[in-house]
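For reference, entry09.txt (compact mmCIF, C-alpha atoms (C1' of nucleotides)):
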```
# COMPACT_ATOMS: atom_id res chain seq x y z
CA MET H 125 -55.79 -224.07 -38.92
CA THR H 126 -52.62 -222.07 -38.58
CA ALA H 127 -50.76 -225.12 -39.81
CA THR H 128 -52.97 -225.21 -42.89
CA GLN H 129 -52.34 -221.56 -43.62
CA THR H 130 -48.64 -222.06 -43.06
CA ARG H 131 -48.35 -224.97 -45.44
CA ARG H 132 -50.41 -223.22 -48.10
CA ASP H 133 -48.29 -220.10 -47.84
CA GLU H 134 -45.16 -222.19 -47.97
CA LEU H 135 -46.31 -223.82 -51.18
CA LEU H 136 -47.30 -220.46 -52.64
CA GLN H 137 -43.85 -219.09 -51.91
CA ILE H 138 -42.21 -222.05 -53.61
CA ALA H 139 -44.48 -221.66 -56.61
CA ALA H 140 -43.83 -217.91 -56.77
CA GLU H 141 -40.09 -218.47 -56.79
CA LEU H 142 -40.42 -220.88 -59.71
CA PHE H 143 -42.92 -218.75 -61.62
CA ALA H 144 -40.63 -215.74 -61.27
CA THR H 145 -37.53 -217.62 -62.39
CA LYS H 146 -38.80 -219.94 -65.10
CA GLY H 147 -42.06 -218.35 -66.10
CA PHE H 148 -45.60 -219.55 -65.40
CA LYS H 149 -46.11 -221.72 -68.45
CA ASN H 150 -42.62 -223.08 -68.17
CA THR H 151 -43.14 -224.24 -64.60
CA THR H 152 -44.89 -227.58 -64.23
CA VAL H 153 -46.90 -228.71 -61.25
CA ARG H 154 -44.31 -231.44 -60.89
CA ASP H 155 -41.60 -228.78 -60.58
CA ILE H 156 -43.50 -227.14 -57.76
CA ALA H 157 -44.22 -230.42 -56.02
CA ASP H 158 -40.58 -231.53 -56.35
CA ALA H 159 -39.37 -228.29 -54.80
CA ALA H 160 -41.84 -228.81 -51.96
CA GLY H 161 -40.86 -232.42 -51.48
CA ILE H 162 -44.27 -233.87 -52.29
CA LEU H 163 -45.98 -235.42 -55.31
CA SER H 164 -47.75 -233.33 -57.89
CA GLY H 165 -51.18 -234.68 -57.08
CA SER H 166 -50.82 -233.57 -53.49
CA LEU H 167 -50.81 -229.96 -54.60
CA TYR H 168 -54.46 -230.33 -55.50
CA HIS H 169 -55.35 -230.86 -51.90
CA HIS H 170 -54.38 -227.22 -51.32
CA PHE H 171 -55.24 -225.56 -54.64
CA ASP H 172 -57.82 -225.92 -57.37
CA SER H 173 -55.36 -225.46 -60.19
CA LYS H 174 -51.98 -224.11 -61.15
CA GLU H 175 -53.82 -221.03 -62.37
CA SER H 176 -55.37 -220.39 -58.97
CA MET H 177 -51.89 -220.41 -57.44
CA ILE H 178 -50.59 -217.57 -59.56
CA ASP H 179 -53.94 -215.85 -59.12
CA GLU H 180 -53.59 -215.86 -55.37
CA ILE H 181 -49.96 -214.75 -55.56
CA LEU H 182 -50.69 -211.80 -57.80
CA SER H 183 -53.94 -210.57 -56.33
CA SER H 184 -52.74 -210.47 -52.74
CA PHE H 185 -49.60 -208.62 -53.77
CA GLN H 186 -51.54 -206.10 -55.80
CA GLU H 187 -53.84 -205.42 -52.92
CA GLU H 188 -50.94 -204.56 -50.64
CA LEU H 189 -49.21 -202.39 -53.22
CA PHE H 190 -52.22 -200.33 -54.14
CA GLY H 191 -52.99 -199.82 -50.49
CA ALA H 192 -49.63 -198.13 -50.19
CA TYR H 193 -50.26 -195.95 -53.25
CA ALA H 194 -53.65 -194.90 -51.90
CA GLY H 195 -52.04 -193.85 -48.65
CA ILE H 196 -49.59 -191.61 -50.49
CA LEU H 197 -52.27 -190.01 -52.64
CA ALA H 198 -54.42 -189.30 -49.60
CA GLY H 199 -51.51 -187.81 -47.67
CA SER H 200 -50.76 -184.14 -47.21
CA ASP H 201 -47.23 -184.03 -48.64
CA ASP H 202 -46.38 -181.61 -51.38
CA PRO H 203 -46.48 -182.96 -54.96
CA ARG H 204 -42.75 -183.57 -55.25
CA ALA H 205 -42.63 -185.45 -51.97
CA LYS H 206 -45.57 -187.59 -53.03
CA LEU H 207 -43.87 -188.49 -56.27
CA GLU H 208 -40.72 -189.42 -54.41
CA ALA H 209 -42.73 -191.48 -51.94
CA ALA H 210 -44.41 -193.42 -54.74
CA VAL H 211 -41.03 -194.24 -56.24
CA ARG H 212 -39.66 -195.33 -52.88
CA VAL H 213 -42.67 -197.53 -52.16
CA SER H 214 -42.17 -199.21 -55.51
CA PHE H 215 -38.53 -200.01 -54.90
CA GLU H 216 -39.51 -201.26 -51.49
CA ALA H 217 -41.96 -203.63 -53.17
CA ILE H 218 -39.17 -204.88 -55.40
CA ASP H 219 -37.16 -205.57 -52.28
CA HIS H 220 -39.91 -207.21 -50.26
CA HIS H 221 -41.78 -208.98 -53.05
CA ARG H 222 -39.26 -209.77 -55.78
CA ASN H 223 -41.05 -212.81 -57.09
CA GLU H 224 -44.44 -211.19 -57.19
CA VAL H 225 -43.12 -208.15 -59.05
CA ALA H 226 -41.23 -210.31 -61.51
CA ILE H 227 -44.25 -212.48 -62.17
CA PHE H 228 -46.43 -209.46 -62.76
CA GLN H 229 -43.89 -207.94 -65.12
CA ASN H 230 -43.43 -211.10 -67.12
CA GLU H 231 -46.87 -212.64 -67.18
CA ALA H 232 -49.40 -209.81 -66.91
CA ASP H 233 -49.73 -209.35 -70.66
CA TYR H 234 -50.34 -213.02 -71.30
CA LEU H 235 -52.59 -213.65 -68.31
CA GLY H 236 -54.57 -210.50 -68.98
CA THR H 237 -56.12 -212.16 -72.01
CA PHE H 238 -58.11 -214.48 -69.74
CA ASP H 239 -61.31 -213.40 -68.00
CA ARG H 240 -60.08 -214.64 -64.69
CA PHE H 241 -57.20 -212.18 -64.75
CA SER H 242 -59.04 -209.15 -66.05
CA TYR H 243 -58.28 -207.45 -62.75
CA LEU H 244 -54.67 -207.18 -63.87
CA GLU H 245 -55.67 -204.75 -66.60
CA GLU H 246 -57.82 -202.83 -64.13
CA ARG H 247 -54.85 -202.57 -61.80
CA ASN H 248 -52.79 -201.31 -64.70
CA GLN H 249 -55.28 -198.53 -65.31
CA GLN H 250 -55.37 -197.78 -61.61
CA SER H 251 -51.59 -197.51 -61.54
CA ARG H 252 -51.68 -195.21 -64.55
CA ASP H 253 -54.16 -192.98 -62.74
CA VAL H 254 -51.93 -192.81 -59.67
CA TRP H 255 -48.83 -191.77 -61.57
CA LEU H 256 -50.59 -189.35 -63.90
CA THR H 257 -52.21 -187.66 -60.93
CA LEU H 258 -48.86 -187.29 -59.20
CA LEU H 259 -47.20 -185.96 -62.33
CA ARG H 260 -49.97 -183.49 -63.13
CA GLU H 261 -49.95 -182.19 -59.58
CA GLY H 262 -46.20 -181.82 -59.90
CA VAL H 263 -46.51 -179.83 -63.10
CA SER H 264 -49.31 -177.55 -61.96
CA SER H 265 -47.58 -176.85 -58.66
CA GLY H 266 -44.50 -175.73 -60.54
CA ALA H 267 -42.28 -178.49 -59.20
CA LEU H 268 -41.96 -180.17 -62.60
CA ARG H 269 -41.28 -178.71 -66.03
CA LYS H 270 -44.36 -177.44 -67.87
CA ASP H 271 -43.33 -178.94 -71.20
CA LEU H 272 -43.37 -182.55 -70.00
CA ASP H 273 -45.35 -185.14 -71.92
CA VAL H 274 -46.79 -186.61 -68.73
CA GLU H 275 -48.08 -189.68 -70.51
CA LEU H 276 -44.60 -190.46 -71.77
CA VAL H 277 -42.97 -189.64 -68.45
CA TYR H 278 -45.44 -191.96 -66.74
CA ARG H 279 -44.37 -194.85 -68.95
CA PHE H 280 -40.76 -193.92 -68.44
CA ILE H 281 -41.10 -194.02 -64.66
CA ARG H 282 -43.28 -197.12 -64.54
CA ASP H 283 -40.98 -199.17 -66.74
CA THR H 284 -37.75 -197.92 -65.29
CA VAL H 285 -38.80 -198.56 -61.73
CA TRP H 286 -40.26 -202.02 -62.18
CA VAL H 287 -37.67 -203.31 -64.59
CA ALA H 288 -35.11 -202.96 -61.80
CA VAL H 289 -36.46 -206.25 -60.49
CA ARG H 290 -34.35 -207.89 -63.17
CA TRP H 291 -31.08 -206.97 -61.56
CA TYR H 292 -31.80 -205.80 -58.03
CA ARG H 293 -30.98 -208.35 -55.35
CA PRO H 294 -31.85 -207.85 -51.69
CA GLY H 295 -28.72 -208.00 -49.57
CA GLY H 296 -26.50 -206.69 -52.37
CA LYS H 297 -24.21 -203.73 -51.95
CA LEU H 298 -27.06 -201.32 -52.73
CA SER H 299 -30.16 -201.29 -50.52
CA HIS H 300 -33.50 -200.45 -52.04
CA HIS H 301 -33.18 -197.07 -50.34
CA ASP H 302 -29.90 -196.45 -52.16
CA VAL H 303 -31.35 -197.45 -55.50
CA ALA H 304 -34.38 -195.24 -55.00
CA ASP H 305 -32.13 -192.30 -54.12
CA GLN H 306 -29.99 -192.72 -57.19
CA TYR H 307 -32.97 -193.23 -59.40
CA LEU H 308 -34.71 -190.11 -58.13
CA THR H 309 -31.58 -188.08 -58.69
CA ILE H 310 -31.43 -189.14 -62.31
CA LEU H 311 -35.15 -188.74 -62.85
CA LEU H 312 -35.41 -185.33 -61.25
CA ASP H 313 -32.11 -183.74 -62.23
CA GLY H 314 -30.70 -185.74 -65.13
CA ILE H 315 -27.16 -186.96 -65.59
CA THR H 316 -25.49 -183.96 -67.21
CA ALA H 317 -22.94 -181.92 -65.30
CA MET W 129 -33.02 -220.15 -104.25
CA THR W 130 -34.44 -216.70 -103.77
CA ALA W 131 -37.81 -218.39 -103.35
CA THR W 132 -36.33 -220.54 -100.60
CA GLN W 133 -34.92 -217.55 -98.78
CA THR W 134 -38.17 -215.70 -99.14
CA ARG W 135 -40.29 -218.49 -97.70
CA ARG W 136 -37.84 -219.13 -94.87
CA ASP W 137 -37.79 -215.46 -93.96
CA GLU W 138 -41.55 -215.32 -94.13
CA LEU W 139 -41.83 -218.21 -91.71
CA LEU W 140 -39.22 -216.68 -89.43
CA GLN W 141 -41.19 -213.44 -89.33
CA ILE W 142 -44.36 -215.29 -88.45
CA ALA W 143 -42.55 -217.21 -85.73
CA ALA W 144 -40.95 -214.04 -84.38
CA GLU W 145 -44.33 -212.34 -84.14
CA LEU W 146 -45.70 -215.25 -82.11
CA PHE W 147 -42.61 -215.64 -79.93
CA ALA W 148 -42.73 -211.93 -79.14
CA THR W 149 -46.43 -211.94 -78.33
CA LYS W 150 -46.97 -215.24 -76.56
CA GLY W 151 -43.48 -216.21 -75.51
CA PHE W 152 -41.24 -218.93 -76.88
CA LYS W 153 -42.32 -221.80 -74.68
CA ASN W 154 -45.92 -220.77 -74.97
CA THR W 155 -45.86 -220.84 -78.76
CA THR W 156 -46.31 -224.28 -80.30
CA VAL W 157 -45.06 -225.37 -83.68
CA ARG W 158 -48.71 -225.85 -84.56
CA ASP W 159 -49.36 -222.19 -83.77
CA ILE W 160 -46.61 -221.16 -86.14
CA ALA W 161 -47.78 -223.53 -88.86
CA ASP W 162 -51.38 -222.38 -88.48
CA ALA W 163 -50.37 -218.75 -88.84
CA ALA W 164 -48.41 -219.68 -91.96
CA GLY W 165 -51.25 -221.73 -93.41
CA ILE W 166 -49.40 -225.04 -93.43
CA LEU W 167 -49.20 -228.10 -91.21
CA SER W 168 -46.74 -228.31 -88.35
CA GLY W 169 -44.70 -231.07 -89.92
CA SER W 170 -44.05 -228.91 -92.96
CA LEU W 171 -42.05 -226.50 -90.86
CA TYR W 172 -39.38 -229.15 -90.54
CA HIS W 173 -38.65 -228.92 -94.21
CA HIS W 174 -37.28 -225.44 -93.51
CA PHE W 175 -35.90 -225.70 -89.98
CA ASP W 176 -34.26 -228.31 -87.78
CA SER W 177 -36.22 -227.40 -84.70
CA LYS W 178 -38.25 -224.74 -82.99
CA GLU W 179 -35.09 -223.82 -81.11
CA SER W 180 -33.19 -223.18 -84.31
CA MET W 181 -35.88 -220.74 -85.39
CA ILE W 182 -35.48 -218.49 -82.38
CA ASP W 183 -31.73 -218.95 -82.63
CA GLU W 184 -31.69 -217.61 -86.16
CA ILE W 185 -34.03 -214.76 -85.25
CA LEU W 186 -31.94 -213.61 -82.31
CA SER W 187 -28.45 -214.06 -83.68
CA SER W 188 -29.03 -212.21 -86.94
CA PHE W 189 -30.64 -209.34 -85.07
CA GLN W 190 -27.81 -209.11 -82.58
CA GLU W 191 -25.28 -209.04 -85.35
CA GLU W 192 -26.94 -206.04 -86.95
CA LEU W 193 -27.38 -204.18 -83.68
CA PHE W 194 -23.81 -204.57 -82.49
CA GLY W 195 -22.53 -203.52 -85.85
CA ALA W 196 -24.31 -200.22 -85.30
CA TYR W 197 -22.85 -199.83 -81.80
CA ALA W 198 -19.36 -200.53 -83.09
CA GLY W 199 -19.77 -197.81 -85.69
CA ILE W 200 -20.68 -195.28 -83.04
CA LEU W 201 -17.79 -196.21 -80.77
CA ALA W 202 -15.34 -195.96 -83.66
CA GLY W 203 -16.68 -192.57 -84.74
CA SER W 204 -15.20 -189.18 -83.98
CA ASP W 205 -18.16 -187.54 -82.24
CA ASP W 206 -17.73 -186.05 -78.81
CA PRO W 207 -18.78 -188.24 -75.85
CA ARG W 208 -22.20 -186.71 -75.38
CA ALA W 209 -23.05 -187.07 -79.07
CA LYS W 210 -21.94 -190.69 -78.99
CA LEU W 211 -24.16 -191.41 -76.02
CA GLU W 212 -27.09 -189.79 -77.77
CA ALA W 213 -26.36 -191.75 -80.94
CA ALA W 214 -26.35 -195.03 -79.03
CA VAL W 215 -29.74 -194.21 -77.53
CA ARG W 216 -31.13 -193.26 -80.92
CA VAL W 217 -29.83 -196.41 -82.56
CA SER W 218 -31.52 -198.45 -79.85
CA PHE W 219 -34.89 -196.81 -80.33
CA GLU W 220 -34.48 -197.30 -84.05
CA ALA W 221 -33.97 -201.00 -83.40
CA ILE W 222 -37.17 -201.06 -81.38
CA ASP W 223 -38.92 -199.50 -84.35
CA HIS W 224 -37.41 -201.72 -87.03
CA HIS W 225 -37.16 -204.97 -85.08
CA ARG W 226 -39.93 -204.93 -82.49
CA ASN W 227 -40.33 -208.68 -82.29
CA GLU W 228 -36.65 -209.40 -82.06
CA VAL W 229 -36.15 -206.89 -79.27
CA ALA W 230 -39.16 -208.20 -77.39
CA ILE W 231 -37.99 -211.78 -77.71
CA PHE W 232 -34.55 -210.90 -76.47
CA GLN W 233 -35.98 -209.01 -73.52
CA ASN W 234 -38.34 -211.76 -72.51
CA GLU W 235 -36.42 -214.91 -73.26
CA ALA W 236 -32.72 -214.11 -72.92
CA ASP W 237 -32.56 -215.09 -69.27
CA TYR W 238 -34.19 -218.44 -69.83
CA LEU W 239 -32.45 -219.28 -73.09
CA GLY W 240 -29.09 -218.20 -71.72
CA THR W 241 -29.05 -221.27 -69.51
CA PHE W 242 -28.54 -223.49 -72.55
CA ASP W 243 -25.15 -223.94 -74.21
CA ARG W 244 -26.55 -223.19 -77.60
CA PHE W 245 -27.50 -219.70 -76.51
CA SER W 246 -24.41 -218.81 -74.55
CA TYR W 247 -23.74 -216.08 -77.08
CA LEU W 248 -26.63 -214.16 -75.57
CA GLU W 249 -24.70 -213.69 -72.36
CA GLU W 250 -21.61 -212.68 -74.33
CA ARG W 251 -23.67 -210.08 -76.17
CA ASN W 252 -24.92 -208.84 -72.84
CA GLN W 253 -21.36 -208.30 -71.66
CA GLN W 254 -20.52 -206.65 -74.95
CA SER W 255 -23.44 -204.28 -74.56
CA ARG W 256 -22.35 -203.48 -71.02
CA ASP W 257 -18.89 -202.62 -72.30
CA VAL W 258 -20.31 -200.30 -74.93
CA TRP W 259 -22.46 -198.33 -72.50
CA LEU W 260 -19.87 -198.19 -69.74
CA THR W 261 -17.30 -196.88 -72.20
CA LEU W 262 -19.67 -194.19 -73.39
CA LEU W 263 -20.58 -193.18 -69.84
CA ARG W 264 -16.98 -193.09 -68.61
CA GLU W 265 -15.93 -191.00 -71.59
CA GLY W 266 -18.82 -188.71 -70.79
CA VAL W 267 -17.76 -188.32 -67.18
CA SER W 268 -14.07 -187.81 -67.85
CA SER W 269 -14.78 -185.30 -70.60
CA GLY W 270 -16.86 -183.26 -68.17
CA ALA W 271 -20.10 -183.74 -70.08
CA LEU W 272 -21.64 -185.87 -67.32
CA ARG W 273 -21.69 -185.39 -63.54
CA LYS W 274 -18.62 -186.70 -61.73
CA ASP W 275 -20.62 -188.30 -58.93
CA LEU W 276 -22.53 -190.73 -61.16
CA ASP W 277 -22.54 -194.42 -60.31
CA VAL W 278 -21.89 -195.39 -63.92
CA GLU W 279 -22.73 -199.03 -63.30
CA LEU W 280 -26.14 -198.06 -61.99
CA VAL W 281 -26.71 -195.48 -64.71
CA TYR W 282 -25.83 -198.11 -67.28
CA ARG W 283 -28.55 -200.40 -65.97
CA PHE W 284 -31.03 -197.57 -65.88
CA ILE W 285 -30.33 -196.59 -69.46
CA ARG W 286 -30.29 -200.14 -70.76
CA ASP W 287 -33.58 -201.01 -69.11
CA THR W 288 -35.29 -197.74 -69.85
CA VAL W 289 -34.48 -197.90 -73.53
CA TRP W 290 -35.30 -201.52 -74.21
CA VAL W 291 -38.38 -201.76 -72.05
CA ALA W 292 -40.02 -199.21 -74.34
CA VAL W 293 -40.66 -202.11 -76.69
CA ARG W 294 -43.57 -202.97 -74.43
CA TRP W 295 -45.60 -199.95 -75.38
CA TYR W 296 -44.00 -198.38 -78.45
CA ARG W 297 -45.86 -199.06 -81.68
CA PRO W 298 -44.52 -198.06 -85.10
CA GLY W 299 -46.96 -195.79 -86.84
CA GLY W 300 -48.29 -194.36 -83.60
CA LYS W 301 -48.43 -190.66 -82.88
CA LEU W 302 -44.83 -190.66 -81.69
CA SER W 303 -42.06 -191.72 -84.07
CA HIS W 304 -39.01 -193.43 -82.70
CA HIS W 305 -37.18 -190.15 -83.25
CA ASP W 306 -39.70 -188.37 -81.02
CA VAL W 307 -39.43 -190.96 -78.30
CA ALA W 308 -35.63 -190.85 -78.39
CA ASP W 309 -35.71 -187.07 -78.10
CA GLN W 310 -37.99 -187.15 -75.09
CA TYR W 311 -36.02 -189.88 -73.37
CA LEU W 312 -32.75 -188.05 -73.89
CA THR W 313 -34.25 -184.89 -72.45
CA ILE W 314 -35.34 -186.69 -69.32
CA LEU W 315 -32.14 -188.67 -69.01
CA LEU W 316 -29.82 -185.72 -69.52
CA ASP W 317 -31.70 -182.91 -67.79
CA GLY W 318 -34.29 -184.53 -65.51
CA ILE W 319 -37.92 -183.60 -65.10
CA THR W 320 -37.73 -180.85 -62.49
CA ALA W 321 -38.49 -177.25 -63.43
C1' DT X 164 -39.18 -235.25 -121.43
C1' DC X 165 -36.98 -236.04 -117.38
C1' DG X 166 -34.86 -235.50 -113.20
C1' DA X 167 -33.90 -232.31 -109.47
C1' DT X 168 -35.57 -229.37 -106.20
C1' DA X 169 -38.73 -226.81 -103.24
C1' DC X 170 -42.61 -227.25 -100.74
C1' DC X 171 -46.13 -229.40 -98.45
C1' DC X 172 -49.60 -233.12 -96.38
C1' DA X 173 -51.33 -237.13 -93.53
C1' DA X 174 -50.51 -239.81 -89.85
C1' DG X 175 -48.50 -240.77 -85.81
C1' DC X 176 -44.96 -241.48 -81.86
C1' DA X 177 -42.73 -240.71 -77.33
C1' DA X 178 -42.49 -237.67 -73.81
C1' DG X 179 -44.54 -234.54 -71.00
C1' DT X 180 -48.71 -231.77 -69.46
C1' DG X 181 -52.49 -230.49 -65.84
C1' DC X 182 -55.47 -232.78 -63.19
C1' DT X 183 -58.38 -236.79 -60.99
C1' DT X 184 -59.16 -240.76 -58.40
C1' DG X 185 -59.21 -243.78 -54.41
C1' DG X 186 -56.80 -244.48 -50.66
C1' DT X 187 -53.63 -244.05 -46.08
C1' DA X 188 -51.75 -242.07 -41.70
C1' DG X 189 -52.02 -239.27 -37.90
C1' DG X 190 -54.19 -235.80 -34.98
C1' DC X 191 -58.09 -233.13 -32.88
C1' DT X 192 -62.53 -232.90 -30.79
C1' DA X 193 -67.31 -234.16 -29.15
C1' DT I 141 -64.06 -243.99 -29.50
C1' DA I 142 -66.41 -242.34 -33.38
C1' DG I 143 -66.26 -238.90 -36.68
C1' DC I 144 -63.93 -235.64 -39.03
C1' DC I 145 -59.87 -233.06 -40.25
C1' DT I 146 -55.27 -232.06 -42.69
C1' DA I 147 -51.76 -233.75 -45.54
C1' DC I 148 -50.09 -236.71 -48.48
C1' DC I 149 -49.20 -240.95 -51.91
C1' DA I 150 -49.69 -244.11 -56.01
C1' DA I 151 -51.50 -244.64 -60.24
C1' DG I 152 -53.18 -243.14 -64.23
C1' DC I 153 -56.24 -240.49 -67.70
C1' DA I 154 -56.99 -237.30 -71.47
C1' DC I 155 -54.62 -234.27 -73.84
C1' DT I 156 -50.64 -231.49 -75.86
C1' DT I 157 -45.98 -231.13 -77.02
C1' DG I 158 -41.92 -231.18 -80.51
C1' DC I 159 -40.62 -233.90 -83.96
C1' DT I 160 -40.48 -237.95 -87.56
C1' DT I 161 -41.73 -240.74 -91.44
C1' DG I 162 -43.17 -241.62 -95.92
C1' DG I 163 -45.15 -239.93 -99.19
C1' DG I 164 -47.17 -236.33 -102.91
C1' DT I 165 -47.22 -232.26 -106.37
C1' DA I 166 -45.70 -228.15 -108.76
C1' DT I 167 -41.97 -225.82 -111.10
C1' DC I 168 -38.02 -225.34 -113.90
C1' DG I 169 -33.61 -225.93 -116.26
C1' DA I 170 -31.32 -229.15 -119.45
```
Rendering of file as structure tokens:
Amino acid sequence: MTATQTRRDELLQIAAELFATKGFKNTTVRDIADAAGILSGSLYHHFDSKESMIDEILSSFQEELFGAYAGILAGSDDPRAKLEAAVRVSFEAIDHHRNEVAIFQNEADYLGTFDRFSYLEERNQQSRDVWLTLLREGVSSGALRKDLDVELVYRFIRDTVWVAVRWYRPGGKLSHHDVADQYLTILLDGITA
Amino acid sequence: MTATQTRRDELLQIAAELFATKGFKNTTVRDIADAAGILSGSLYHHFDSKESMIDEILSSFQEELFGAYAGILAGSDDPRAKLEAAVRVSFEAIDHHRNEVAIFQNEADYLGTFDRFSYLEERNQQSRDVWLTLLREGVSSGALRKDLDVELVYRFIRDTVWVAVRWYRPGGKLSHHDVADQYLTILLDGITA
DNA sequence: TCGATACCCAAGCAAGTGCTTGGTAGGCTA
DNA sequence: TAGCCTACCAAGCACTTGCTTGGGTATCGA
């Protein structure tokens, strides 16, 4: 039982690595099987389809991430601290779940066109709600400038944070804490002297 | 002759639209031919291969873009104005060449692994040089904060600017001038009150 | 009028795609 | 020890992929 779970998870990790690096469509079931040291047909003992693999990878990651966001929103921090916390949680996700973040960034648009992955679009809306709430609270509390186009700032933050998955590498000279610090400095105070 | 060029360009535009939307690997030559109203085999009257199509799309775009960067670097504006100009030129490229920018963003990593597309990596280095030069000039002139990690700021700017191609739509309520203005405000002065 | 050229179709090939089938080997449990 | 479980293999099927081959037709300058 535990062995089953272990092997499944192992295969999912291998698949996630390949999906993140080469893209979903560009990764064949033979690629995954080769990396796992088995034949392609054997994958179908564990999974229904290649689609169900990426489904499982994405949905379980999303669940964890949005749990973290919900915790921040429900907390009692002041608006600015909440915004900072949301940014830090996101960079932490990039650190802990590189492949999952990369897959979501690269494939969400394409996968979203299928019924099976309609939850991706829902999650997108949910994420938008989280950030807009944080930003509006920030503005109305006086922590953020009144003249902000919160919709635009939301997109700015969302894209800037998640796109870091393209270059951030765990174990590099900058930890995800460092990156979050630097990012928040730029976002909150700008780069001018 | 002009007719040849026209038809070729037409087909390249159609291909670029599909590559940008569905991805290179995920777009078949039959997709392209269908969208053009011809059969897939007929494409090979105009092009050697599917690869050569994306090659032509990317290389001609890059040439134009880096010409613009070179002009800014060679100009006599002060450092801050140069930085702003580079940002504006980039958003203009997103407006004028949506598909090309999207393709480069999505496929550069994958394509870069092939010899034929090694120029993509060179362009990446070239772009890095441009932005780092602008940022260092900004710091040493006193326009930008001395404590900036210019390498990190470079990545932030690069990603922030180009990732806008994911949501920006020409003809929307915000022009590319508007978006550039807003981005520069955030980048230079931050979002705090 | 005639050839050159641009443009396209119909048919199909070789390689690769996701997935299925029938089977084996070893371990756990009643 | 019978019955069932997990985990895998070997072979192959139906289909899609990029690309090729051998034509055809419309246009236009000489």
**Request:** Can you pull out every residue within 10 Å of range 185-187 of chain X, counting all atoms listed in the file, but drop anything in the same chain fewer than 4 positions away, and send it as a PyMOL selection string?
**Result:** chain I and resi 148-151
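Taking CA of Gln137 in chain H as the reference point, CA of Gly151 in chain W is found at 23.8 Å.
One finds CA of Ser183 in chain H at 15.1 Å from CA of Phe171 in chain H.
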**Request:** Kindly extract all protein, DNA and RNA residues lying within 9 Å of the coordinates (-54.9, -235.5, -44.9) given in the file, considering only C-alpha atoms (C1' of nucleotides), and supply them as JSON, numbers by chain.
**Result:** {"H": [169], "X": [187, 188, 189], "I": [145, 146, 147, 148]}
**Message:** I need the contact residues of chain H against chain X, so if you could list those with any atom within 9 Å, counting all atoms listed in the file, and return them as a ChimeraX atom specification, that would help.
**Reply:** /H:152-153,165,168,173-174
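The space separating CA of Phe238 in chain H from CA of Val225 in chain H comes to 19.5 Å.
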